[in-house]
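Q: Data: upload08.csv, CSV, C-alpha atoms.
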```csv
chain,number,residue,atom,x,y,z
Y,1,MET,CA,-24.8,29.5,8.3
Y,2,LYS,CA,-21.5,30.7,9.7
Y,3,LYS,CA,-19.2,32.4,7.3
Y,4,LEU,CA,-15.6,31.5,6.8
Y,5,SER,CA,-12.7,33.3,8.5
Y,6,VAL,CA,-10.4,35.3,6.3
Y,7,LYS,CA,-7.8,32.6,6.5
Y,8,GLN,CA,-10.3,29.9,5.6
Y,9,LYS,CA,-11.7,31.9,2.7
Y,10,ASN,CA,-8.2,32.5,1.4
Y,11,TRP,CA,-7.4,28.8,1.4
Y,12,LEU,CA,-10.6,28.0,-0.3
Y,13,LEU,CA,-10.1,30.8,-2.8
Y,14,ALA,CA,-6.5,29.5,-3.5
Y,15,SER,CA,-7.9,26.0,-4.1
Y,16,HIS,CA,-10.6,27.4,-6.5
Y,17,VAL,CA,-8.0,29.4,-8.4
Y,18,ALA,CA,-5.7,26.4,-8.6
Y,19,PHE,CA,-8.4,24.1,-9.9
Y,20,GLY,CA,-9.4,26.7,-12.5
Y,21,GLY,CA,-5.8,27.0,-13.5
Y,22,ILE,CA,-5.3,23.3,-13.8
Y,23,TRP,CA,-8.5,23.0,-15.9
Y,24,PHE,CA,-7.3,25.8,-18.2
Y,25,GLY,CA,-3.7,24.5,-18.5
Y,26,THR,CA,-4.8,21.0,-19.3
Y,27,ALA,CA,-7.4,22.2,-21.8
Y,28,LEU,CA,-4.7,24.2,-23.5
Y,29,CYS,CA,-2.3,21.2,-23.6
Y,30,MET,CA,-5.1,19.0,-25.0
Y,31,VAL,CA,-5.5,21.5,-27.9
Y,32,LEU,CA,-1.8,21.4,-28.6
Y,33,ILE,CA,-1.7,17.6,-28.4
Y,34,ALA,CA,-4.8,17.3,-30.6
Y,35,LEU,CA,-3.0,19.5,-33.2
Y,36,SER,CA,0.0,17.1,-33.2
Y,37,ASN,CA,-2.5,14.2,-33.6
Y,38,ARG,CA,-3.2,15.4,-37.1
Y,39,GLN,CA,0.4,14.5,-38.2
Y,40,ALA,CA,0.7,11.0,-36.8
Y,41,SER,CA,3.1,8.9,-38.9
Y,42,ASN,CA,2.1,5.4,-37.7
Y,43,GLY,CA,-0.8,3.7,-35.9
Y,44,ASP,CA,0.9,3.3,-32.6
Y,45,GLU,CA,1.7,7.0,-32.5
Y,46,LEU,CA,-1.9,7.9,-33.4
Y,47,TYR,CA,-3.3,5.6,-30.6
Y,48,ALA,CA,-0.7,6.9,-28.1
Y,49,VAL,CA,-1.7,10.5,-28.7
Y,50,ASN,CA,-5.4,9.7,-28.4
Y,51,SER,CA,-4.7,7.7,-25.3
Y,52,VAL,CA,-3.0,10.6,-23.7
Y,53,LEU,CA,-5.9,12.9,-24.6
Y,54,LYS,CA,-8.3,10.4,-23.0
Y,55,ARG,CA,-6.2,10.2,-19.8
Y,56,LEU,CA,-5.9,14.0,-19.6
Y,57,ASP,CA,-9.7,14.3,-20.0
Y,58,ASP,CA,-10.5,11.5,-17.5
Y,59,TRP,CA,-7.9,12.2,-14.8
Y,60,VAL,CA,-7.2,15.9,-15.0
Y,61,ILE,CA,-10.0,17.9,-16.8
Y,62,ILE,CA,-13.0,16.2,-15.2
Y,63,PRO,CA,-11.7,16.3,-11.6
Y,64,ALA,CA,-10.3,19.9,-12.0
Y,65,ALA,CA,-13.6,21.2,-13.5
Y,66,THR,CA,-15.7,19.4,-10.9
Y,67,LEU,CA,-13.5,20.7,-8.0
Y,68,SER,CA,-13.6,24.2,-9.5
Y,69,LEU,CA,-17.4,24.1,-9.5
Y,70,MET,CA,-17.5,22.7,-5.9
Y,71,THR,CA,-15.0,25.2,-4.5
Y,72,GLY,CA,-16.8,28.0,-6.3
Y,73,GLY,CA,-20.1,26.8,-4.8
Y,74,LEU,CA,-18.5,26.8,-1.3
Y,75,LEU,CA,-17.2,30.3,-1.8
Y,76,CYS,CA,-20.7,31.5,-2.8
Y,77,TRP,CA,-22.3,29.7,0.2
Y,78,LEU,CA,-19.8,30.5,2.9
Y,79,THR,CA,-18.8,34.0,2.0
Y,80,ILE,CA,-20.5,37.3,1.4
Y,81,TRP,CA,-20.4,36.9,-2.3
Y,82,GLY,CA,-23.5,34.7,-2.4
Y,83,PHE,CA,-24.9,32.9,-5.4
Y,84,PHE,CA,-27.0,35.7,-6.9
Y,85,LYS,CA,-25.7,39.0,-5.5
Y,86,HIS,CA,-23.2,39.7,-8.3
Y,87,TYR,CA,-23.6,39.4,-12.1
Y,88,TRP,CA,-20.0,38.1,-12.5
Y,89,VAL,CA,-20.7,35.2,-10.1
Y,90,ILE,CA,-23.9,34.3,-12.0
Y,91,THR,CA,-22.0,34.5,-15.3
Y,92,LYS,CA,-19.2,32.2,-13.9
Y,93,TRP,CA,-21.8,29.7,-12.7
Y,94,VAL,CA,-23.7,29.5,-16.0
Y,95,ALA,CA,-20.4,29.3,-18.0
Y,96,THR,CA,-18.9,26.6,-15.8
Y,97,VAL,CA,-22.0,24.4,-15.7
Y,98,THR,CA,-22.4,24.9,-19.5
Y,99,LEU,CA,-18.7,23.8,-20.1
Y,100,ILE,CA,-19.1,20.8,-17.8
Y,101,VAL,CA,-22.3,19.7,-19.5
Y,102,THR,CA,-21.0,20.2,-23.0
Y,103,GLY,CA,-17.8,18.4,-22.1
Y,104,THR,CA,-19.8,15.5,-20.8
Y,105,ILE,CA,-22.1,15.3,-23.7
Y,106,TRP,CA,-19.7,16.0,-26.6
Y,107,LEU,CA,-16.0,16.4,-25.8
Y,108,GLY,CA,-15.5,13.4,-23.6
Y,109,PRO,CA,-17.4,11.0,-25.9
Y,110,TRP,CA,-15.5,12.3,-28.9
Y,111,VAL,CA,-12.1,11.6,-27.2
Y,112,ASN,CA,-13.3,8.2,-26.0
Y,113,GLN,CA,-14.5,7.2,-29.5
Y,114,MET,CA,-11.3,8.5,-31.1
Y,115,THR,CA,-9.2,6.4,-28.7
Y,116,ALA,CA,-11.3,3.3,-29.3
Y,117,ILE,CA,-11.2,3.7,-33.1
Y,118,SER,CA,-7.4,4.3,-33.2
Y,119,GLU,CA,-6.8,1.4,-30.9
Y,120,ALA,CA,-8.7,-0.9,-33.3
Y,121,GLU,CA,-7.8,0.5,-36.6
Y,122,ARG,CA,-4.4,2.2,-35.9
Y,123,LEU,CA,-3.4,4.4,-38.8
Y,124,GLN,CA,-6.5,3.4,-40.9
Y,125,ALA,CA,-8.5,5.4,-38.4
Y,126,LEU,CA,-7.5,8.5,-40.4
Y,127,GLN,CA,-9.7,7.1,-43.2
Y,128,ASN,CA,-12.7,6.4,-40.9
Y,129,PRO,CA,-15.2,9.2,-41.4
Y,130,ILE,CA,-16.4,8.9,-37.8
Y,131,TYR,CA,-12.8,9.3,-36.5
Y,132,VAL,CA,-12.2,12.2,-38.8
Y,133,PHE,CA,-15.3,14.0,-37.6
Y,134,ASP,CA,-14.6,13.3,-33.9
Y,135,GLN,CA,-11.0,14.5,-34.4
Y,136,LYS,CA,-12.1,17.8,-36.0
Y,137,ALA,CA,-15.0,18.4,-33.6
Y,138,MET,CA,-12.9,17.6,-30.5
Y,139,LEU,CA,-10.2,20.1,-31.7
Y,140,VAL,CA,-12.8,22.9,-32.3
Y,141,GLY,CA,-14.6,22.0,-29.0
Y,142,SER,CA,-11.3,22.0,-27.1
Y,143,ILE,CA,-10.4,25.4,-28.5
Y,144,ILE,CA,-13.8,26.8,-27.5
Y,145,GLN,CA,-13.6,25.3,-24.0
Y,146,THR,CA,-10.1,26.7,-23.5
Y,147,LEU,CA,-11.1,30.2,-24.5
Y,148,CYS,CA,-14.2,30.0,-22.3
Y,149,VAL,CA,-12.2,28.8,-19.2
Y,150,LEU,CA,-9.8,31.7,-19.9
Y,151,ALA,CA,-12.7,34.1,-20.0
Y,152,ILE,CA,-14.0,32.7,-16.7
Y,153,ILE,CA,-10.6,33.3,-15.2
Y,154,GLY,CA,-10.7,36.9,-16.5
Y,155,ILE,CA,-14.1,37.4,-15.1
Y,156,SER,CA,-12.9,36.2,-11.7
Y,157,VAL,CA,-10.1,38.7,-11.7
Y,158,LEU,CA,-11.9,41.7,-13.2
Y,159,LYS,CA,-15.3,41.2,-11.6
Y,160,PRO,CA,-16.7,43.4,-14.4
Y,161,TRP,CA,-20.4,43.7,-13.7
Y,162,GLY,CA,-20.5,44.3,-10.0
Y,163,ARG,CA,-23.4,43.8,-7.7
Y,164,ARG,CA,-27.0,43.3,-8.7
Y,165,LYS,CA,-29.6,45.8,-7.6
Y,166,LEU,CA,-32.1,43.7,-5.7
Y,167,LYS,CA,-35.6,45.1,-5.2
Y,168,VAL,CA,-36.6,45.4,-1.6
Y,169,GLN,CA,-40.3,44.9,-1.1
Y,170,SER,CA,-41.6,47.6,1.2
Y,171,GLU,CA,-44.4,46.6,3.5
Y,172,THR,CA,-47.3,48.8,2.9
Y,173,PRO,CA,-50.4,48.4,4.9
Y,174,VAL,CA,-53.3,46.9,3.1
Y,175,THR,CA,-56.5,48.9,3.5
Y,176,ASN,CA,-59.9,47.6,2.9
Y,177,SER,CA,-61.9,50.0,0.8
```
Take the structure from the file and write it as structure tokens.
A:
Amino acid sequence: MKKLSVKQKNWLLASHVAFGGIWFGTALCMVLIALSNRQASNGDELYAVNSVLKRLDDWVIIPAATLSLMTGGLLCWLTIWGFFKHYWVITKWVATVTLIVTGTIWLGPWVNQMTAISEAERLQALQNPIYVFDQKAMLVGSIIQTLCVLAIIGISVLKPWGRRKLKVQSETPVTNS
């Protein structure tokens, strides 16, 4: 496969960095909004905050995380970095896929359920044990996700572990004894 020119690589890299930054910034905003969600004074406010969290998740976090993964994959495929040549690339792949999977399995459903409960029950949602669990779990999960995305960005910049040492198989003649 033909590798990218320097200009093409830079555009792809800029896109990758932008999507990672959008993911991080939105995750951080969701943490701050979720913290304010704990002090809602009426049912409409509670539902509005949950609705904002849901929209940020559906319309910003999911696309940014997906596009970050896709641009990262293209950078691995179309540049000299490769998928398995560097420990830092492998770490970023594992961390990114893990965050996307855990967000899909837990964070997204918690936000969706919080929104549905607060829409139906308004301020009484704060007395619903399912809502209370989802609210706390989503806050803790969002903090963890935000810190992990920040760590991924740090790994991208620092490239701390360098290149893997790959074993080269030497061809030795086989002798029949």
Q: Find the residue from Y:Leu12, Y:Met114, Y:Val60, Y:Leu99 that sits nearest to Y:Ile152; use all atoms listed in the file when measuring.
A: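 Nearest candidate to Y:Ile152 out of Y:Leu12, Y:Met114, Y:Val60, Y:Leu99: Y:Leu99.
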Q: Name the closest residue to Y:Ala64 among the candidates Y:Asn50, Y:Ser142, Y:Thr79, Y:Thr26; distances are taken between atoms, counting all atoms listed in the file.
A: Y:Thr26
Q: Can you pull out the residues contacting stretch 116-118 of chain Y? Cut-off 12 Å, using all atoms listed in the file, and skip same-chain residues under 3 positions away; I want them as JSON, numbers by chain.
A: {"Y": [37, 40, 42, 43, 44, 45, 46, 47, 48, 49, 50, 51, 53, 54, 109, 110, 111, 112, 113, 121, 122, 123, 124, 125, 126, 127, 128, 129, 130, 131, 132, 133, 134, 135]}
Q: Could you tell me how far atom CA of Y:Leu147 sits from atom CA of Y:Arg164, in Å to one decimal place?
A: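 That distance, rounded to one decimal, is 26.0 Å.
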Q: For a quick check of understanding, using only C-alpha atoms, which of Y:Gln39, Y:Ser5, Y:Thr71, Y:Thr96 has the smallest distance to Y:Leu150?
A: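 Going through Y:Gln39, Y:Ser5, Y:Thr71, Y:Thr96 one by one, the smallest distance to Y:Leu150 is for Y:Thr96.
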Q: Quote the spacing between atom CA of Y:Lys92 and atom CA of Y:Lys9 in Å to one decimal place.
A: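 Taking atom CA of Y:Lys92 and atom CA of Y:Lys9, their separation equals 18.2 Å.
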Q: Using Å and a single decimal, report how far atom CA of Y:Ile80 sits from atom CA of Y:Gln145.
A: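 Value for the atom CA of Y:Gln145-atom CA of Y:Ile80 distance: 28.9 Å.
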Q: Could you check which of Y:Thr102, Y:Lys7, Y:Gly21, Y:Met30 is closest to Y:Ala151, using all atoms listed in the file?
A: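 For Y:Ala151, the nearest of the candidates is Y:Gly21.
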Q: Do a neighbour search on Y:Leu158 at 9 Å with all atoms listed in the file, toss out local chain neighbours closer than 4 positions, and write the hits as a list of chain:residue names.
A: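 With the cut-off at 9 Å, the set is Y:Trp88, Y:Ile153, Y:Gly154.
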Q: Nearest residue to Y:Trp11 out of Y:Trp23, Y:Thr66, Y:Leu75, Y:Ser36, using only C-alpha atoms?
A: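 Closest residue, counting only C-alpha atoms: Y:Leu75.
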Q: Given the point (-11.9, 25.6, -16.6) in the coordinates of this file, which residues lie within 6 Å, counting only C-alpha atoms, and how would they look as a list in words?
A: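 Those residues lying close to the given coordinates are Gly20, Trp23, Phe24, Ala65 and Val149 of chain Y.
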Q: Fewer than 3 positions away in the same chain doesn't count, so skip those; otherwise give me all residues within 12 Å of Y:Leu166, counting only C-alpha atoms, as a ChimeraX atom specification.
A: /Y:84-87,163,169
